[in-house]
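File shown: start26.cif. Contents: mmCIF, C-alpha atoms and all ligand atoms.
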data_query
loop_
_atom_site.label_atom_id
_atom_site.label_comp_id
_atom_site.auth_asym_id
_atom_site.auth_seq_id
_atom_site.Cartn_x
_atom_site.Cartn_y
_atom_site.Cartn_z
CA MET A 14 0.00 0.00 0.00
CA ILE A 15 1.49 3.32 -1.03
CA ILE A 16 -0.39 6.41 0.15
CA ALA A 17 0.57 9.76 -1.41
CA ILE A 18 -0.41 12.78 0.67
CA ALA A 19 -1.03 15.43 -1.97
CA ASN A 20 -2.40 18.94 -2.44
CA GLN A 21 -0.42 21.48 -4.41
CA LYS A 22 -1.31 24.22 -1.94
CA GLY A 23 1.31 24.87 0.72
CA GLY A 24 0.57 24.95 4.42
CA VAL A 25 -2.54 22.76 4.29
CA GLY A 26 -1.25 20.06 6.63
CA LYS A 27 0.35 17.56 4.21
CA THR A 28 3.49 17.08 6.26
CA THR A 29 1.63 17.06 9.58
CA THR A 30 -0.69 14.41 8.18
CA ALA A 31 2.18 12.39 6.66
CA ILE A 32 4.24 12.28 9.84
CA ASN A 33 1.37 11.49 12.17
CA LEU A 34 -0.48 9.04 9.94
CA SER A 35 2.76 7.09 9.46
CA ALA A 36 3.33 7.08 13.22
CA ALA A 37 -0.24 5.89 13.86
CA LEU A 38 0.21 3.01 11.41
CA ALA A 39 3.60 2.13 12.92
CA ASP A 40 2.13 2.22 16.44
CA LYS A 41 -0.40 -0.37 15.29
CA GLY A 42 2.50 -2.69 14.50
CA LEU A 43 2.49 -2.00 10.76
CA LYS A 44 5.98 -1.51 9.37
CA THR A 45 5.82 1.90 7.76
CA LEU A 46 8.18 3.90 5.54
CA LEU A 47 7.69 7.66 5.37
CA VAL A 48 9.13 8.90 2.09
CA ASP A 49 9.92 12.61 2.11
CA LEU A 50 9.53 14.12 -1.35
CA ASP A 51 9.64 17.79 -0.40
CA PRO A 52 12.99 19.60 -0.86
CA GLN A 53 12.18 21.45 2.37
CA GLY A 54 12.69 18.15 4.20
CA ASN A 55 10.18 18.89 6.96
CA SER A 56 9.08 15.26 7.30
CA SER A 57 12.71 14.14 7.50
CA MET A 58 13.55 16.71 10.17
CA SER A 59 10.46 15.75 12.16
CA TYR A 60 12.01 12.36 12.95
CA LEU A 61 15.73 12.48 12.20
CA ALA A 62 18.55 14.37 13.90
CA PRO A 63 20.81 16.49 11.65
CA GLU A 64 23.59 13.87 11.78
CA ASP A 65 21.16 11.19 10.57
CA LEU A 66 20.27 13.36 7.60
CA GLN A 67 23.81 13.25 6.28
CA GLY A 68 24.52 10.91 3.41
CA PRO A 69 22.43 9.95 0.41
CA THR A 70 18.79 11.09 0.23
CA ILE A 71 15.87 10.47 -2.09
CA TYR A 72 17.50 12.76 -4.66
CA GLU A 73 20.46 10.42 -5.08
CA ALA A 74 18.16 7.39 -5.14
CA LEU A 75 16.15 8.95 -7.97
CA THR A 76 19.08 10.18 -10.00
CA GLU A 77 22.04 7.83 -9.45
CA ASP A 78 22.17 4.22 -10.60
CA SER A 79 24.50 3.27 -7.76
CA VAL A 80 22.12 4.50 -5.01
CA ASN A 81 18.96 2.53 -4.30
CA CYS A 82 16.07 3.39 -2.06
CA VAL A 83 17.12 0.68 0.45
CA ASP A 84 20.41 2.53 0.91
CA ILE A 85 18.73 5.71 2.12
CA VAL A 86 16.18 4.31 4.60
CA ARG A 87 16.84 5.42 8.20
CA PRO A 88 15.20 3.97 11.32
CA VAL A 89 13.31 6.32 13.64
CA ALA A 90 14.77 6.13 17.16
CA SER A 91 11.44 6.57 18.97
CA ASN A 92 9.44 4.02 16.96
CA SER A 93 10.75 0.61 15.95
CA ASN A 94 8.19 0.18 13.16
CA LEU A 95 8.80 3.55 11.55
CA PHE A 96 11.44 4.37 8.93
CA VAL A 97 12.20 7.49 6.90
CA ALA A 98 13.58 7.96 3.39
CA PRO A 99 14.75 11.56 3.76
CA ALA A 100 14.86 14.46 1.35
CA GLY A 101 16.98 17.57 1.35
CA ILE A 102 17.31 20.77 -0.60
CA SER A 103 19.14 18.89 -3.40
CA LEU A 104 15.74 17.52 -4.44
CA ALA A 105 14.89 20.98 -5.77
CA LYS A 106 17.29 20.28 -8.67
CA ILE A 107 15.43 17.21 -9.86
CA GLU A 108 13.38 18.84 -12.62
CA SER A 109 16.46 20.15 -14.42
CA LYS A 110 18.44 16.98 -13.69
CA LEU A 111 15.83 14.69 -15.27
CA LEU A 112 14.89 17.03 -18.10
CA GLY A 113 14.61 15.03 -21.29
CA GLU A 114 14.88 11.64 -19.55
CA LEU A 115 12.12 9.44 -20.95
CA ASP A 116 11.50 7.65 -17.66
CA SER A 117 11.44 10.80 -15.52
CA HIS A 118 7.86 10.19 -14.30
CA TYR A 119 8.60 6.58 -13.33
CA ARG A 120 11.80 7.01 -11.32
CA LEU A 121 10.12 6.83 -7.91
CA LYS A 122 7.89 3.90 -8.87
CA ASP A 123 10.95 1.93 -9.97
CA GLU A 124 12.86 2.79 -6.80
CA LEU A 125 9.99 1.91 -4.48
CA GLU A 126 9.36 -1.42 -6.16
CA ALA A 127 12.58 -2.72 -4.63
CA VAL A 128 11.77 -1.66 -1.03
CA GLN A 129 8.02 -2.08 -1.00
CA GLN A 130 8.06 -5.72 0.10
CA ASN A 131 9.92 -4.75 3.29
CA PHE A 132 7.02 -2.61 4.51
CA ASP A 133 3.27 -2.81 5.15
CA TYR A 134 2.72 0.87 4.31
CA LEU A 135 4.56 3.58 2.46
CA VAL A 136 3.46 7.17 3.07
CA LEU A 137 4.67 9.79 0.57
CA ASP A 138 4.87 13.44 1.63
CA THR A 139 4.78 15.65 -1.46
CA PRO A 140 5.81 19.27 -2.13
CA PRO A 141 3.33 22.12 -2.76
CA THR A 142 3.39 21.88 -6.57
CA LEU A 143 1.96 19.65 -9.26
CA GLY A 144 5.42 19.31 -10.79
CA LEU A 145 7.63 16.34 -11.55
CA ILE A 146 8.03 15.19 -7.95
CA THR A 147 4.30 15.07 -7.23
CA ILE A 148 3.68 13.35 -10.56
CA ASN A 149 6.28 10.74 -9.58
CA ALA A 150 4.43 10.24 -6.28
CA LEU A 151 1.06 9.87 -8.01
CA VAL A 152 2.51 7.39 -10.50
CA ALA A 153 4.03 5.29 -7.72
CA ALA A 154 1.07 5.44 -5.31
CA THR A 155 -1.81 3.04 -4.90
CA HIS A 156 -3.86 5.66 -3.04
CA VAL A 157 -4.03 9.45 -2.68
CA LEU A 158 -5.04 11.22 0.50
CA VAL A 159 -5.84 14.92 0.11
CA PRO A 160 -5.57 17.21 3.14
CA ILE A 161 -7.83 20.24 2.74
CA GLN A 162 -7.33 23.25 4.93
CA SER A 163 -10.53 24.47 6.50
CA SER A 164 -10.50 27.95 4.98
CA TYR A 165 -12.44 30.08 2.56
CA PHE A 166 -10.08 29.24 -0.30
CA ALA A 167 -9.86 25.57 0.64
CA LEU A 168 -11.02 24.17 -2.67
CA GLU A 169 -8.93 26.40 -4.88
CA GLY A 170 -6.64 24.15 -6.87
CA THR A 171 -8.29 20.85 -5.99
CA ASP A 172 -9.82 20.78 -9.51
CA ASP A 173 -6.32 20.71 -10.99
CA LEU A 174 -5.27 17.95 -8.62
CA LEU A 175 -8.32 15.81 -9.40
CA GLU A 176 -7.82 16.41 -13.12
CA THR A 177 -4.18 15.34 -12.87
CA ILE A 178 -5.21 12.18 -11.02
CA ASP A 179 -7.76 11.38 -13.73
CA LYS A 180 -5.16 11.86 -16.46
CA LEU A 181 -2.66 9.60 -14.71
CA LYS A 182 -5.32 6.93 -14.31
CA VAL A 183 -5.73 6.69 -18.06
CA ARG A 184 -2.24 5.33 -18.61
CA ALA A 185 0.48 5.84 -16.10
CA ASN A 186 -1.34 4.45 -13.05
CA PRO A 187 -4.78 2.94 -13.79
CA GLY A 188 -5.09 1.48 -10.29
CA LEU A 189 -4.71 4.81 -8.49
CA GLN A 190 -7.54 5.43 -6.03
CA ILE A 191 -8.56 8.49 -4.10
CA LEU A 192 -8.48 7.23 -0.55
CA GLY A 193 -10.15 10.34 0.74
CA ALA A 194 -9.96 13.97 1.72
CA VAL A 195 -9.40 15.14 5.26
CA ILE A 196 -10.20 18.57 6.62
CA THR A 197 -7.25 20.03 8.52
CA LEU A 198 -6.52 23.14 10.56
CA HIS A 199 -10.20 23.37 11.43
CA ASP A 200 -11.41 26.00 13.86
CA LYS A 201 -14.78 24.97 15.25
CA ARG A 202 -15.40 28.41 16.76
CA THR A 203 -15.92 30.22 13.48
CA LEU A 204 -19.27 30.38 11.76
CA LEU A 205 -17.57 30.10 8.41
CA ALA A 206 -16.10 26.71 9.34
CA LYS A 207 -19.45 24.94 9.05
CA ASP A 208 -20.10 26.36 5.57
CA ILE A 209 -16.63 25.32 4.49
CA VAL A 210 -17.21 21.72 5.56
CA THR A 211 -20.47 21.74 3.57
CA GLU A 212 -18.66 23.04 0.48
CA ILE A 213 -15.88 20.47 0.78
CA ARG A 214 -18.45 17.69 1.20
CA LYS A 215 -20.12 18.80 -2.05
CA VAL A 216 -16.89 18.15 -3.93
CA PHE A 217 -15.67 14.98 -2.21
CA GLY A 218 -18.96 13.39 -1.11
CA ASP A 219 -18.39 10.20 0.85
CA LYS A 220 -14.67 10.40 0.10
CA LEU A 221 -14.50 13.05 2.80
CA PHE A 222 -13.28 11.42 6.02
CA ASP A 223 -15.56 11.82 9.05
CA THR A 224 -12.51 12.72 11.11
CA VAL A 225 -11.73 16.43 11.10
CA ILE A 226 -8.29 17.60 12.26
CA THR A 227 -8.72 20.70 14.38
CA ARG A 228 -6.12 23.37 15.01
CA SER A 229 -3.91 22.45 17.91
CA VAL A 230 -0.67 23.91 19.17
CA ARG A 231 0.59 20.43 20.12
CA LEU A 232 0.55 19.35 16.46
CA GLU A 233 2.75 22.31 15.63
CA GLU A 234 5.17 21.59 18.47
CA SER A 235 5.80 17.86 18.20
CA PRO A 236 8.15 17.94 15.13
CA ALA A 237 10.58 20.20 17.00
CA TYR A 238 11.03 17.40 19.53
CA ARG A 239 11.32 14.79 16.78
CA GLU A 240 8.29 12.99 18.10
CA SER A 241 4.92 12.04 16.70
CA ILE A 242 1.86 13.56 18.33
CA PHE A 243 1.23 10.17 19.96
CA SER A 244 4.41 10.15 22.01
CA PHE A 245 4.66 13.93 22.41
CA SER A 246 1.15 14.56 23.67
CA PRO A 247 -0.91 11.35 23.72
CA ARG A 248 -3.95 12.97 25.34
CA SER A 249 -4.17 15.93 22.95
CA SER A 250 -6.97 16.44 20.47
CA GLY A 251 -4.41 16.04 17.66
CA ALA A 252 -3.42 12.58 18.88
CA PHE A 253 -7.05 11.53 19.16
CA GLU A 254 -7.95 12.89 15.71
CA TYR A 255 -4.96 11.44 13.85
CA TYR A 256 -5.61 8.09 15.54
CA LYS A 257 -9.21 8.21 14.33
CA LEU A 258 -8.02 9.13 10.84
CA SER A 259 -5.68 6.14 10.79
CA GLU A 260 -8.60 3.86 11.73
CA GLU A 261 -10.65 5.29 8.88
CA VAL A 262 -7.71 4.88 6.49
CA LEU A 263 -7.30 1.23 7.46
CA SER A 264 -11.01 0.60 7.01
CA ARG A 265 -10.84 1.95 3.44
CA VAL A 266 -7.72 0.23 2.08
P1 LIG B 1 2.14 21.43 4.22
O1 LIG B 1 3.01 20.24 4.34
O2 LIG B 1 0.88 21.18 3.44
O3 LIG B 1 2.85 22.65 3.73
P2 LIG B 1 2.24 21.50 7.11
O4 LIG B 1 1.79 20.19 7.64
O5 LIG B 1 3.70 21.77 7.10
O6 LIG B 1 1.60 21.79 5.70
O7 LIG B 1 1.49 22.61 7.97
C1 LIG B 1 1.74 24.01 7.80
C2 LIG B 1 1.94 24.64 9.18
O8 LIG B 1 0.75 24.50 9.94
C3 LIG B 1 3.04 23.98 9.99
O9 LIG B 1 3.67 24.95 10.76
C4 LIG B 1 2.29 22.99 10.88
O10 LIG B 1 2.97 22.76 12.09
C5 LIG B 1 1.00 23.73 11.12
N1 LIG B 1 -0.13 22.81 11.28
C6 LIG B 1 -0.54 21.81 10.46
N2 LIG B 1 -1.64 21.20 10.93
C7 LIG B 1 -1.95 21.83 12.09
C8 LIG B 1 -3.01 21.70 13.05
N3 LIG B 1 -3.98 20.80 12.93
N4 LIG B 1 -3.00 22.55 14.12
C9 LIG B 1 -2.04 23.48 14.26
N5 LIG B 1 -1.04 23.67 13.40
C10 LIG B 1 -0.98 22.86 12.32
MG MG B 2 4.96 19.88 3.70
#
Output the file's structure in the form of structure tokens.
Ligand code: ADP
Ligand code: MG
Amino acid sequence: MIIAIANQKGGVGKTTTAINLSAALADKGLKTLLVDLDPQGNSSMSYLAPEDLQGPTIYEALTEDSVNCVDIVRPVASNSNLFVAPAGISLAKIESKLLGELDSHYRLKDELEAVQQNFDYLVLDTPPTLGLITINALVAATHVLVPIQSSYFALEGTDDLLETIDKLKVRANPGLQILGAVITLHDKRTLLAKDIVTEIRKVFGDKLFDTVITRSVRLEESPAYRESIFSFSPRSSGAFEYYKLSEEVLSRV
């Protein structure tokens, strides 16, 4: 199972969802690999110390024949079932590096094929664009999970994402399924919030997860301590909500 967390808008909770969904799956005893595909490396830094980020990253795995995905997988100290394939700023060069390469959209799929059997779940954190990296993620994935920020402009851009998914399903990845959309950064106190949920439900219908991730300071803090929300603040609303989301995810795959 390969779940791509995608939405080309920035700051909508992709990374927060990727790091905590992978931790929830790992806590359930499922061996999980979090693959960071954002040059900003936020997922990587959420679990790995700077010294563990040295050495080859996903960029080298995607661009060098001598580096394979297995070579870049790091264990997470605080969770024996969780592993990270890190990214760094070098990944920003990938578009120009692979320009003109005929297999440029399939690089990640090929790399993951060799490590996939070692894990129950792979979770892909993608950058805020619909460029080559996100296309690679959507070609390699079996499922897409779309975090949608609870805001007035929430649905801006989702058309393009859904259109891209439909195009990829024609040829590159016919089996790709939309696992669901999850509302993030929700603020129950605002009147607008209710209308927004209604609007999002109109677009995603029963693909919208029942679980809503509310705004919580704990979710913002946990990466700085290189912990998931479950070990950092197990009684917080964020821990409860991401646990519920993981249950819904497992019931759908
Ligand atoms: P993306 O990966 O889509 O850019 P992030 O997950 O990095 O989004 O989230 C953007 C910012 O919002 C980060 O600082 C993150 O810590 C914060 N954030 C995400 N989800 C929540 C939440 N539910 N409550 C509070 N802060 C959040
Ligand atoms: Mg991110």
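Each of A:Leu192, A:Leu174, A:Ser249, A:Lys44 was checked against Asn131 of chain A using only C-alpha atoms; the smallest atom-to-atom distance is that of A:Lys44.
Of the residues listed (A:Ile148, A:Tyr60, A:Pro52, A:Leu137), A:Leu137 shows the shortest atom-to-atom separation from Ala31 of chain A; distances use all atoms listed in the file.
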Closest contacts (chain A/ligand LIG 1 (chain B), max 7 Å, all atoms listed in the file) as JSON lines:
{"residue": "A:Lys22", "atom": "CA", "partner": "B:LIG1", "partner_atom": "O2", "distance": 6.6}
{"residue": "A:Gly23", "atom": "CA", "partner": "B:LIG1", "partner_atom": "O3", "distance": 4.0}
{"residue": "A:Gly24", "atom": "CA", "partner": "B:LIG1", "partner_atom": "O3", "distance": 3.3}
{"residue": "A:Val25", "atom": "CA", "partner": "B:LIG1", "partner_atom": "O2", "distance": 3.9}
{"residue": "A:Gly26", "atom": "CA", "partner": "B:LIG1", "partner_atom": "O4", "distance": 3.2}
{"residue": "A:Lys27", "atom": "CA", "partner": "B:LIG1", "partner_atom": "O2", "distance": 3.7}
{"residue": "A:Thr28", "atom": "CA", "partner": "B:LIG1", "partner_atom": "O1", "distance": 3.7}
{"residue": "A:Thr29", "atom": "CA", "partner": "B:LIG1", "partner_atom": "O4", "distance": 3.7}
{"residue": "A:Thr30", "atom": "CA", "partner": "B:LIG1", "partner_atom": "O4", "distance": 6.3}
{"residue": "A:Pro141", "atom": "CA", "partner": "B:LIG1", "partner_atom": "O3", "distance": 6.5}
{"residue": "A:Thr197", "atom": "CA", "partner": "B:LIG1", "partner_atom": "N3", "distance": 5.5}
{"residue": "A:Leu198", "atom": "CA", "partner": "B:LIG1", "partner_atom": "N3", "distance": 4.2}
{"residue": "A:His199", "atom": "CA", "partner": "B:LIG1", "partner_atom": "N3", "distance": 6.9}
{"residue": "A:Ile226", "atom": "CA", "partner": "B:LIG1", "partner_atom": "N3", "distance": 5.4}
{"residue": "A:Thr227", "atom": "CA", "partner": "B:LIG1", "partner_atom": "N3", "distance": 5.0}
{"residue": "A:Arg228", "atom": "CA", "partner": "B:LIG1", "partner_atom": "N4", "distance": 3.3}
{"residue": "A:Ser229", "atom": "CA", "partner": "B:LIG1", "partner_atom": "N4", "distance": 3.9}
{"residue": "A:Val230", "atom": "CA", "partner": "B:LIG1", "partner_atom": "C9", "distance": 5.1}
{"residue": "A:Leu232", "atom": "CA", "partner": "B:LIG1", "partner_atom": "N4", "distance": 5.3}
{"residue": "A:Glu233", "atom": "CA", "partner": "B:LIG1", "partner_atom": "O10", "distance": 3.6}
{"residue": "A:Glu234", "atom": "CA", "partner": "B:LIG1", "partner_atom": "O10", "distance": 6.8}
{"residue": "A:Gly251", "atom": "CA", "partner": "B:LIG1", "partner_atom": "N3", "distance": 6.7}
- Query: What is the distance, in Å and to one decimal place, between atom CA of Pro187 of chain A and atom CA of Thr155 of chain A?
  - Reply: 9.4 Å
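Proximity to Ile196 of chain A was assessed for A:Ala252, A:Val157, A:Leu135, A:Leu168 counting only C-alpha atoms; the smallest distance is recorded for A:Leu168.
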- Note on the structure: Pairwise distance, atom CA of Pro140 of chain A with atom CA of Ser91 of chain A, equals 25.3 Å
- Which distance in Å separates atom CA of Ser164 of chain A and atom CA of Ser250 of chain A, to one decimal? 19.6 Å
